[in-house]
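Source file upload_13.txt; content: compact mmCIF, C-alpha atoms.
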# COMPACT_ATOMS: atom_id res chain seq x y z
CA MET A 1 -7.03 -22.13 292.05
CA THR A 2 -3.56 -23.47 291.31
CA GLN A 3 -0.88 -21.62 293.20
CA GLY A 4 2.23 -20.39 291.46
CA ALA A 5 5.62 -21.89 292.05
CA GLY A 6 7.01 -20.95 295.42
CA GLN A 7 3.79 -19.25 296.48
CA GLY A 8 2.20 -20.25 299.79
CA PRO A 9 -1.53 -20.57 300.44
CA ALA A 10 -3.60 -17.53 301.16
CA ARG A 11 -3.44 -17.01 304.90
CA TRP A 12 -5.69 -15.47 307.50
CA GLN A 13 -4.21 -12.21 308.76
CA PRO A 14 -5.44 -11.57 312.33
CA THR A 15 -6.02 -7.88 312.94
CA ASP A 16 -7.98 -5.73 315.35
CA MET A 17 -10.44 -5.02 312.54
CA GLY A 18 -11.30 -8.69 312.06
CA GLY A 19 -8.65 -9.68 309.55
CA GLY A 20 -8.90 -11.29 306.16
CA PHE A 21 -7.13 -13.61 303.77
CA VAL A 22 -3.98 -12.29 302.15
CA THR A 23 -1.46 -13.99 299.87
CA PRO A 24 1.90 -14.11 301.65
CA ARG A 25 5.37 -13.79 300.22
CA PRO A 26 7.08 -17.18 300.13
CA THR A 27 8.30 -18.25 303.57
CA LEU A 28 9.58 -21.42 305.17
CA THR A 29 6.22 -21.86 306.86
CA SER A 30 4.09 -21.37 303.73
CA VAL A 31 2.88 -24.85 302.84
CA PRO A 32 0.70 -25.53 299.75
CA THR A 33 -2.72 -26.90 300.54
CA PRO A 34 -2.55 -30.63 299.80
CA PRO A 35 -4.91 -32.18 297.27
CA GLN A 36 -7.99 -33.72 298.83
CA PRO A 37 -8.59 -37.44 298.25
CA HIS A 38 -11.39 -38.46 295.94
CA VAL A 39 -14.73 -39.39 297.39
CA GLY A 40 -14.70 -43.07 298.24
CA HIS A 41 -10.94 -43.31 298.85
CA ALA A 42 -9.66 -43.98 302.34
CA ALA A 43 -6.06 -43.97 303.50
CA ARG A 44 -4.22 -47.26 303.30
CA PRO A 45 -3.41 -48.91 306.62
CA GLY A 46 0.32 -48.68 307.05
CA GLY A 47 0.52 -45.88 304.47
CA ASN A 48 -1.11 -42.53 305.24
CA TYR A 49 -2.13 -43.92 308.59
CA PRO A 50 -3.05 -41.53 311.40
CA PRO A 51 -0.32 -40.85 313.97
CA ASP A 52 -0.29 -42.95 317.11
CA GLU A 53 0.11 -42.03 320.76
CA ASP A 54 3.79 -41.18 320.18
CA GLY A 55 3.01 -37.76 318.72
CA TYR A 56 1.80 -35.53 315.92
CA THR A 57 3.64 -34.63 312.72
CA PRO A 58 2.34 -31.35 311.27
CA THR A 59 3.78 -32.03 307.81
CA VAL A 60 1.24 -34.74 306.99
CA ARG A 61 -2.51 -34.74 307.27
CA ASP A 62 -3.83 -36.30 310.44
CA LEU A 63 -6.69 -38.13 308.72
CA PRO A 64 -8.09 -38.25 305.18
CA VAL A 65 -11.25 -36.43 304.15
CA ILE A 66 -13.60 -38.75 302.33
CA GLY A 67 -16.76 -36.69 302.35
CA SER A 68 -20.35 -37.63 302.98
CA GLY A 69 -22.85 -39.32 300.75
CA ALA A 70 -20.22 -41.37 298.90
CA ALA A 71 -21.56 -43.70 296.25
CA GLY A 72 -22.09 -47.24 297.37
CA VAL A 73 -22.40 -46.53 301.08
CA ALA A 74 -25.00 -48.84 302.56
CA GLU A 75 -27.57 -47.42 304.92
CA PRO A 76 -26.52 -48.48 308.45
CA THR A 77 -28.89 -50.62 310.45
CA PRO A 78 -30.25 -48.79 313.53
CA THR A 79 -28.92 -50.14 316.81
CA LEU A 80 -30.05 -50.02 320.39
CA VAL A 81 -28.10 -46.84 321.05
CA ASP A 82 -29.63 -45.06 318.05
CA THR A 83 -33.18 -45.03 319.40
CA ALA A 84 -35.11 -41.84 320.14
CA ALA A 85 -34.86 -40.10 323.50
CA PRO A 86 -37.52 -41.32 325.96
CA SER A 87 -39.35 -39.07 328.36
CA ALA A 88 -37.72 -38.58 331.74
CA SER A 89 -39.23 -40.47 334.63
CA GLU A 90 -39.57 -39.51 338.28
CA ALA A 91 -36.72 -41.90 339.06
CA ASP A 92 -34.50 -40.06 336.57
CA PRO A 93 -35.20 -36.36 337.24
CA LEU A 94 -32.17 -35.24 335.27
CA GLY A 95 -33.38 -36.91 332.10
CA PRO A 96 -31.45 -39.30 329.85
CA LEU A 97 -27.83 -38.68 328.88
CA TYR A 98 -26.71 -38.51 325.25
CA VAL A 99 -23.32 -37.94 323.62
CA VAL A 100 -22.37 -36.84 320.11
CA GLY A 101 -19.15 -37.80 318.34
CA ASP A 102 -16.99 -35.66 316.06
CA VAL A 103 -19.01 -33.50 313.66
CA HIS A 104 -16.24 -31.81 311.62
CA GLY A 105 -18.49 -29.34 309.83
CA TYR A 106 -21.08 -31.86 308.61
CA LEU A 107 -24.06 -29.78 309.63
CA ASP A 108 -26.70 -31.61 307.58
CA GLU A 109 -25.60 -34.98 308.95
CA LEU A 110 -25.72 -33.59 312.49
CA ARG A 111 -29.22 -32.21 312.04
CA ALA A 112 -30.42 -35.53 310.66
CA ALA A 113 -28.82 -37.51 313.50
CA LEU A 114 -30.29 -35.26 316.18
CA ARG A 115 -33.74 -35.57 314.63
CA GLU A 116 -33.44 -39.36 314.38
CA ALA A 117 -32.56 -39.48 318.10
CA GLY A 118 -35.60 -37.35 318.94
CA LEU A 119 -33.51 -34.51 320.38
CA VAL A 120 -34.67 -31.80 317.97
CA ASP A 121 -37.80 -31.24 315.92
CA ALA A 122 -38.20 -30.71 312.18
CA GLU A 123 -37.08 -27.08 312.60
CA ASP A 124 -33.96 -28.15 314.53
CA ARG A 125 -35.32 -26.80 317.82
CA TRP A 126 -34.70 -28.56 321.11
CA ALA A 127 -37.43 -31.17 321.60
CA ALA A 128 -36.03 -33.38 324.35
CA GLY A 129 -37.16 -31.65 327.54
CA ASN A 130 -34.72 -32.27 330.39
CA THR A 131 -32.47 -34.58 328.39
CA ARG A 132 -28.73 -33.98 328.84
CA LEU A 133 -26.56 -33.81 325.74
CA TRP A 134 -22.77 -33.64 325.51
CA PHE A 135 -20.81 -32.95 322.32
CA LEU A 136 -17.31 -34.46 322.48
CA GLY A 137 -15.58 -31.77 320.40
CA ASP A 138 -14.22 -31.22 316.88
CA PHE A 139 -16.96 -29.06 315.37
CA THR A 140 -14.96 -27.57 312.50
CA ASP A 141 -12.56 -28.48 309.67
CA ARG A 142 -12.86 -31.06 306.88
CA GLY A 143 -16.62 -30.64 306.45
CA PRO A 144 -18.40 -27.73 304.74
CA ASP A 145 -19.98 -25.77 307.61
CA GLY A 146 -18.12 -25.79 310.92
CA VAL A 147 -19.40 -22.38 311.97
CA GLY A 148 -22.96 -23.54 311.25
CA VAL A 149 -22.35 -26.48 313.58
CA ILE A 150 -21.09 -24.17 316.33
CA ASP A 151 -24.10 -21.86 315.89
CA LEU A 152 -26.49 -24.81 316.18
CA VAL A 153 -24.81 -26.18 319.31
CA MET A 154 -24.80 -22.73 320.95
CA ARG A 155 -28.50 -22.23 320.19
CA LEU A 156 -29.44 -25.70 321.42
CA SER A 157 -27.56 -24.97 324.65
CA ALA A 158 -29.88 -22.06 325.37
CA GLU A 159 -33.02 -23.94 324.34
CA ALA A 160 -32.15 -27.03 326.38
CA ALA A 161 -31.48 -24.95 329.48
CA ALA A 162 -34.87 -23.26 329.10
CA ALA A 163 -36.52 -26.70 328.91
CA GLY A 164 -34.82 -28.00 332.06
CA GLY A 165 -32.11 -30.04 330.34
CA TYR A 166 -28.74 -29.09 328.98
CA CYS A 167 -26.60 -29.21 325.86
CA LYS A 168 -22.89 -28.84 326.54
CA ALA A 169 -19.63 -29.34 324.67
CA LEU A 170 -16.03 -30.36 325.23
CA LEU A 171 -12.88 -28.91 323.70
CA GLY A 172 -11.44 -30.90 320.80
CA ASN A 173 -8.06 -30.66 319.15
CA HIS A 174 -9.60 -28.99 316.11
CA GLU A 175 -10.97 -26.21 318.30
CA LEU A 176 -7.38 -25.68 319.45
CA LEU A 177 -6.26 -25.77 315.82
CA ILE A 178 -8.69 -23.18 314.47
CA LEU A 179 -8.20 -20.95 317.53
CA GLY A 180 -4.46 -21.08 316.91
CA ALA A 181 -4.85 -20.36 313.21
CA ARG A 182 -7.04 -17.34 313.95
CA ARG A 183 -4.93 -15.95 316.79
CA PHE A 184 -1.41 -16.69 315.56
CA GLY A 185 -1.66 -17.15 311.77
CA ASP A 186 1.71 -18.15 310.33
CA THR A 187 3.71 -17.26 313.45
CA PRO A 188 6.46 -19.93 313.60
CA VAL A 189 6.11 -22.50 316.38
CA ASP A 190 8.45 -25.28 317.44
CA SER A 191 6.64 -28.40 316.28
CA GLY A 192 9.35 -30.85 317.26
CA ALA A 193 9.66 -31.74 313.57
CA GLY A 194 10.97 -28.45 312.22
CA THR A 195 9.40 -25.04 311.88
CA ALA A 196 5.62 -25.05 311.52
CA SER A 197 2.67 -22.74 312.06
CA PHE A 198 -0.95 -23.02 313.07
CA GLN A 199 -1.97 -21.60 309.70
CA ALA A 200 -0.14 -24.32 307.77
CA ALA A 201 -1.34 -27.12 310.08
CA TRP A 202 -4.94 -25.86 309.92
CA LEU A 203 -4.98 -25.84 306.11
CA LEU A 204 -3.23 -29.20 306.01
CA ASN A 205 -5.85 -30.77 308.27
CA GLY A 206 -9.02 -29.67 306.57
CA GLY A 207 -9.31 -25.98 307.48
CA GLN A 208 -12.13 -24.31 305.55
CA ARG A 209 -11.63 -20.69 304.50
CA SER A 210 -15.39 -20.11 304.68
CA ASP A 211 -15.31 -21.04 308.37
CA MET A 212 -12.44 -18.65 309.08
CA GLU A 213 -14.19 -15.81 307.30
CA ARG A 214 -17.38 -16.34 309.32
CA LEU A 215 -15.81 -16.80 312.75
CA GLU A 216 -16.80 -14.02 315.13
CA GLU A 217 -15.55 -13.07 318.55
CA HIS A 218 -18.37 -14.88 320.35
CA HIS A 219 -17.43 -18.12 318.56
CA LEU A 220 -13.82 -17.72 319.66
CA GLN A 221 -14.81 -16.96 323.25
CA TRP A 222 -17.14 -19.95 323.35
CA MET A 223 -14.49 -22.37 322.07
CA SER A 224 -11.74 -21.05 324.33
CA ARG A 225 -13.88 -21.58 327.44
CA LEU A 226 -14.99 -25.15 326.76
CA ASP A 227 -14.11 -27.77 329.35
CA ALA A 228 -11.65 -30.47 328.32
CA MET A 229 -13.27 -33.27 330.33
CA THR A 230 -16.27 -34.00 332.54
CA LEU A 231 -17.91 -36.79 334.53
CA ALA A 232 -21.53 -37.65 333.77
CA ASP A 233 -23.38 -40.63 335.20
CA ASP A 234 -20.14 -42.48 335.92
CA HIS A 235 -18.85 -41.84 332.40
CA LEU A 236 -15.59 -39.92 331.99
CA LEU A 237 -16.16 -37.84 328.85
CA LEU A 238 -13.09 -36.75 326.87
CA HIS A 239 -12.39 -35.70 323.32
CA SER A 240 -9.07 -37.44 322.72
CA ASP A 241 -8.09 -41.03 323.43
CA THR A 242 -4.81 -39.92 324.97
CA SER A 243 -3.27 -39.96 328.43
CA ALA A 244 -2.12 -36.34 328.02
CA TYR A 245 -4.91 -35.11 330.33
CA LEU A 246 -2.88 -36.48 333.25
CA GLU A 247 -0.21 -33.85 332.55
CA TYR A 248 -2.59 -30.99 333.38
CA GLY A 249 -3.97 -31.84 336.79
CA GLU A 250 -5.01 -34.48 339.29
CA THR A 251 -8.73 -33.61 339.20
CA ILE A 252 -11.20 -32.77 336.44
CA GLY A 253 -11.48 -29.22 337.72
CA ALA A 254 -7.71 -28.77 337.77
CA VAL A 255 -7.36 -30.05 334.21
CA ASN A 256 -10.11 -27.77 332.90
CA ASP A 257 -8.71 -24.74 334.73
CA ALA A 258 -5.17 -25.39 333.51
CA ILE A 259 -6.22 -25.64 329.87
CA THR A 260 -8.52 -22.61 330.04
CA ASP A 261 -5.76 -20.57 331.70
CA ALA A 262 -3.29 -21.63 329.02
CA LEU A 263 -5.62 -20.46 326.26
CA GLU A 264 -6.21 -17.16 328.03
CA ARG A 265 -2.46 -16.48 328.02
CA ARG A 266 -2.56 -16.52 324.19
CA ASP A 267 0.95 -17.82 323.77
CA ALA A 268 1.55 -19.47 320.39
CA ASP A 269 4.00 -22.12 321.62
CA GLU A 270 1.88 -23.00 324.66
CA THR A 271 -1.24 -23.33 322.52
CA TRP A 272 0.70 -25.47 320.02
CA ASP A 273 1.82 -27.74 322.84
CA LEU A 274 -1.82 -28.22 323.85
CA PHE A 275 -2.79 -28.96 320.27
CA ARG A 276 0.09 -31.40 319.80
CA LYS A 277 -0.71 -33.34 322.97
CA PHE A 278 -4.44 -33.59 322.33
CA THR A 279 -3.91 -34.72 318.75
CA LYS A 280 -2.29 -37.91 320.08
CA ARG A 281 -4.51 -40.97 319.85
CA PHE A 282 -4.89 -44.74 320.37
CA ALA A 283 -3.82 -44.75 324.04
CA PHE A 284 -6.41 -47.44 324.85
CA ARG A 285 -6.16 -49.56 321.69
CA ASP A 286 -3.39 -52.00 322.58
CA GLU A 287 -4.93 -55.13 324.04
CA GLU A 288 -2.38 -55.36 326.85
CA VAL A 289 -1.46 -51.76 327.65
CA GLY A 290 -4.70 -50.02 326.63
CA PRO A 291 -6.85 -51.16 329.57
CA GLN A 292 -4.08 -50.13 331.98
CA VAL A 293 -3.96 -46.61 330.54
CA ALA A 294 -7.75 -46.34 330.62
CA ARG A 295 -7.79 -47.49 334.24
CA GLU A 296 -5.16 -44.89 335.12
CA LEU A 297 -7.39 -42.09 333.85
CA LEU A 298 -10.48 -43.54 335.54
CA ASP A 299 -8.63 -43.91 338.84
CA ALA A 300 -7.47 -40.29 338.61
CA TYR A 301 -10.69 -38.61 337.51
CA GLY A 302 -13.49 -41.03 338.40
CA GLY A 303 -16.05 -43.00 336.44
CA ARG A 304 -16.27 -46.57 335.26
CA ARG A 305 -15.91 -45.95 331.51
CA ILE A 306 -14.16 -43.44 329.28
CA VAL A 307 -16.24 -42.10 326.41
CA HIS A 308 -14.21 -40.31 323.73
CA GLY A 309 -14.23 -39.08 320.15
CA HIS A 310 -11.19 -38.12 318.06
CA SER A 311 -10.10 -41.49 316.62
CA PRO A 312 -12.52 -42.82 313.99
CA ILE A 313 -13.83 -46.27 314.84
CA PRO A 314 -12.70 -47.73 311.47
CA TYR A 315 -9.10 -46.93 312.41
CA LEU A 316 -9.48 -48.39 315.88
CA LEU A 317 -10.80 -51.56 314.26
CA GLY A 318 -8.19 -51.59 311.50
CA ASP A 319 -11.16 -51.65 309.12
CA VAL A 320 -9.99 -49.24 306.43
CA PRO A 321 -10.07 -50.77 302.94
CA PRO A 322 -7.26 -50.33 300.41
CA VAL A 323 -7.96 -47.80 297.68
CA GLU A 324 -8.45 -50.46 295.01
CA ASP A 325 -11.14 -52.22 297.09
CA ASP A 326 -12.73 -48.98 298.20
CA ALA A 327 -13.10 -47.86 294.59
CA GLU A 328 -15.56 -50.70 293.98
CA GLY A 329 -18.08 -48.71 296.01
CA ASP A 330 -19.23 -51.44 298.37
CA LYS A 331 -16.56 -51.64 301.06
CA GLU A 332 -16.88 -48.32 302.89
CA PRO A 333 -16.71 -48.42 306.71
CA GLN A 334 -20.03 -49.72 308.03
CA ILE A 335 -20.41 -48.16 311.47
CA THR A 336 -23.78 -48.49 313.19
CA GLY A 337 -22.95 -47.54 316.76
CA PRO A 338 -20.23 -46.83 319.33
CA HIS A 339 -17.25 -49.15 319.73
CA VAL A 340 -16.65 -50.59 323.23
CA TYR A 341 -13.09 -51.80 323.78
CA ALA A 342 -10.13 -51.87 326.23
CA ASP A 343 -11.81 -54.58 328.32
CA GLY A 344 -15.01 -52.56 328.35
CA LEU A 345 -13.31 -49.48 329.85
CA ALA A 346 -13.45 -47.27 326.73
CA VAL A 347 -16.19 -46.27 324.30
CA ALA A 348 -15.28 -44.66 320.96
CA MET A 349 -17.86 -42.27 319.51
CA ASP A 350 -16.25 -41.03 316.27
CA GLY A 351 -18.10 -42.99 313.62
CA GLY A 352 -15.95 -41.51 310.86
CA VAL A 353 -18.32 -39.02 309.23
CA THR A 354 -15.37 -37.61 307.26
CA MET A 355 -14.77 -41.01 305.68
CA ALA A 356 -18.36 -41.88 304.75
CA GLY A 357 -19.05 -43.33 308.18
CA LYS A 358 -21.83 -42.46 310.60
CA LEU A 359 -22.20 -39.38 312.77
CA LEU A 360 -23.04 -40.98 316.10
CA VAL A 361 -25.60 -39.63 318.57
CA SER A 362 -26.00 -42.22 321.31
CA ARG A 363 -27.59 -42.65 324.69
CA LEU A 364 -25.56 -43.64 327.73
CA PRO A 365 -25.22 -46.10 329.30
CA LEU A 366 -24.94 -48.41 326.34
CA GLY A 367 -26.95 -51.60 326.24
CA ASN A 368 -23.87 -53.81 326.65
In structure tokens, what does this structure look like?
Amino acid sequence: MTQGAGQGPARWQPTDMGGGFVTPRPTLTSVPTPPQPHVGHAARPGGNYPPDEDGYTPTVRDLPVIGSGAAGVAEPTPTLVDTAAPSASEADPLGPLYVVGDVHGYLDELRAALREAGLVDAEDRWAAGNTRLWFLGDFTDRGPDGVGVIDLVMRLSAEAAAAGGYCKALLGNHELLILGARRFGDTPVDSGAGTASFQAAWLLNGGQRSDMERLEEHHLQWMSRLDAMTLADDHLLLHSDTSAYLEYGETIGAVNDAITDALERRDADETWDLFRKFTKRFAFRDEEVGPQVARELLDAYGGRRIVHGHSPIPYLLGDVPPVEDDAEGDKEPQITGPHVYADGLAVAMDGGVTMAGKLLVSRLPLGN
């Protein structure tokens, strides 16, 4: 529906009765929902390029939404890390370790990827015994069914625990974004680039009204209590490729406690500051500085490799075609597995499902 002149987007009104969407009077923080790019069109490098480690600007979209199933996308070739989960051996009583990159509401793609990896059966029930599975965050926004993704992950967590394994998740910046939009609506926050609000930033960065309408209190509680980082089999698992974690504590436990406590305080500006910091990206990409930053995090929190989501691999590789090339239908990002970089100290897991890439479900350690 086209909005009238001077009219802001319908906004979520948080209330004790559950809230709903209302059309606000024009305000400085009412921002029209931007047009979505056509399927098959990626942002131009150097144009609508995602922000770097210097910060986040809430007046532009963080990344484009390309959609799934775009015409001309070649079927990726399976790689070593895309193979099905093996049975646990006596030497590995905990079972194999798997990680999942950013899902962003693409429920069907997630179900297919989990089945291909042998982690769920044809009815999407846990089928991997004592396998350990970590989701790296960003369950909602951009794709069609973020709440469906959350429901699936929550159910698999219970089923995996009953089978002797586990399915756990980390907090992503889009969990912070949708939590802020639900809790604070269009309350003004100091963005560092003028007045902004969670509501405007959420809509600008792929917020789906259907997700907001279906969010229930147990979804909110689950997201607000997710850890921000963890160590598994000598892998430091994070959502964002940023050094901002170092600002919240000297140990993994301290970081997780500090972020959980901040969310429990329900302060709009404090939550925005979290969101802003964990939307930063590309801390490990520079060939000279990147390995040093990665080593700083590993020295602080342990592990031999960082495994993260957040920044799509095509952007890390600079492999985003211009619109005129992309329109030919045969130059979409061809991602078949995780990207190892920063002198082998970092592994990127966001295959770019929102830009016709691959939703990655991979076993650790990698074969290289």
_For Gly143 in chain A, the nearest of the candidates A:Ala228, A:Leu345, A:Val103, A:Ala113, counting all atoms listed in the file_ = A:Val103
*Select, from A:Arg132, A:Arg142, A:Lys280, A:His310, the residue with the minimum atom-to-atom distance to Ser157 in chain A, counting all atoms listed in the file.*
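So, comparing all the options, the nearest one is A:Arg132.
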*Check the smallest atom-to-atom distance from each of A:Arg125, A:Leu238, A:Gln334, A:Glu175 to Ala158 in chain A using all atoms listed in the file, then report the winner.*
A:Arg125
*Rank A:Val289, A:Ala232, A:Val149, A:Val120 by their smallest atom-to-atom distance to Leu94 in chain A, using all atoms listed in the file, and report the top residue only.*
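Nearest to Leu94 in chain A: A:Ala232.
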*asked:* To one decimal place in Å, what is the distance between CA of Ser191 in chain A and CA of Thr140 in chain A?
replied: 21.9 Å
*Could you jot down the CA of Leu136 in chain A to CA of Leu170 in chain A separation for me, Å, one decimal place?*
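It comes out at 5.1 Å.
For the choices A:Asp261, A:Asp186, A:Asp343, A:Asp267, the atom-to-atom distance to Glu287 in chain A is smallest for A:Asp343 when using all atoms listed in the file.
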Neighbour list for Asp145 in chain A as a short mmCIF file (atom, residue, chain, number, x, y, z; two decimals) with C-alpha atoms, in the frame of the given file, cut-off 12 Å, all atoms listed in the file, skip fewer than 3 positions in-chain:
data_model
loop_
_atom_site.label_atom_id
_atom_site.label_comp_id
_atom_site.auth_asym_id
_atom_site.auth_seq_id
_atom_site.Cartn_x
_atom_site.Cartn_y
_atom_site.Cartn_z
CA VAL A 103 -19.01 -33.50 313.66
CA HIS A 104 -16.24 -31.81 311.62
CA GLY A 105 -18.49 -29.34 309.83
CA TYR A 106 -21.08 -31.86 308.61
CA LEU A 107 -24.06 -29.78 309.63
CA ASP A 108 -26.70 -31.61 307.58
CA GLU A 109 -25.60 -34.98 308.95
CA LEU A 110 -25.72 -33.59 312.49
CA PHE A 139 -16.96 -29.06 315.37
CA THR A 140 -14.96 -27.57 312.50
CA ASP A 141 -12.56 -28.48 309.67
CA ARG A 142 -12.86 -31.06 306.88
CA GLY A 148 -22.96 -23.54 311.25
CA VAL A 149 -22.35 -26.48 313.58
CA ILE A 150 -21.09 -24.17 316.33
CA ASP A 151 -24.10 -21.86 315.89
CA LEU A 152 -26.49 -24.81 316.18
CA GLY A 206 -9.02 -29.67 306.57
CA GLY A 207 -9.31 -25.98 307.48
CA GLN A 208 -12.13 -24.31 305.55
CA ARG A 209 -11.63 -20.69 304.50
CA SER A 210 -15.39 -20.11 304.68
CA ASP A 211 -15.31 -21.04 308.37
CA MET A 212 -12.44 -18.65 309.08
CA GLU A 213 -14.19 -15.81 307.30
CA ARG A 214 -17.38 -16.34 309.32
CA LEU A 215 -15.81 -16.80 312.75
#
*Which one is closest to Met154 in chain A: A:His174, A:His219, A:Arg295, A:Arg111? Count all atoms listed in the file.*
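So, comparing all the options, the nearest one is A:His219.
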_So that I can see what lies close to Met349 in chain A, please list as a PyMOL selection string the residues with an atom at most 12 Å from it, counting only C-alpha atoms and leaving out residues fewer than 4 positions away in the same chain._
chain A and resi 81+98-103+134-138+237-241+306-314+316+335-341+353+357-364+366
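Computed from the coordinates, the CA of Cys167 in chain A to CA of Gly253 in chain A distance equals 19.2 Å.
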*Compile the contact shell of Thr131 in chain A as an MDAnalysis selection string: residues with an atom at most 6 Å away, counting all atoms listed in the file, same-chain residues fewer than 4 positions apart removed.*
chainID A and resid 95:96 165
Would you output that residue set with C-alpha atoms, as a tab-separated table (two decimals), in the frame of the given file?
chain	number	residue	atom	x	y	z
A	95	GLY	CA	-33.38	-36.91	332.10
A	96	PRO	CA	-31.45	-39.30	329.85
A	165	GLY	CA	-32.11	-30.04	330.34
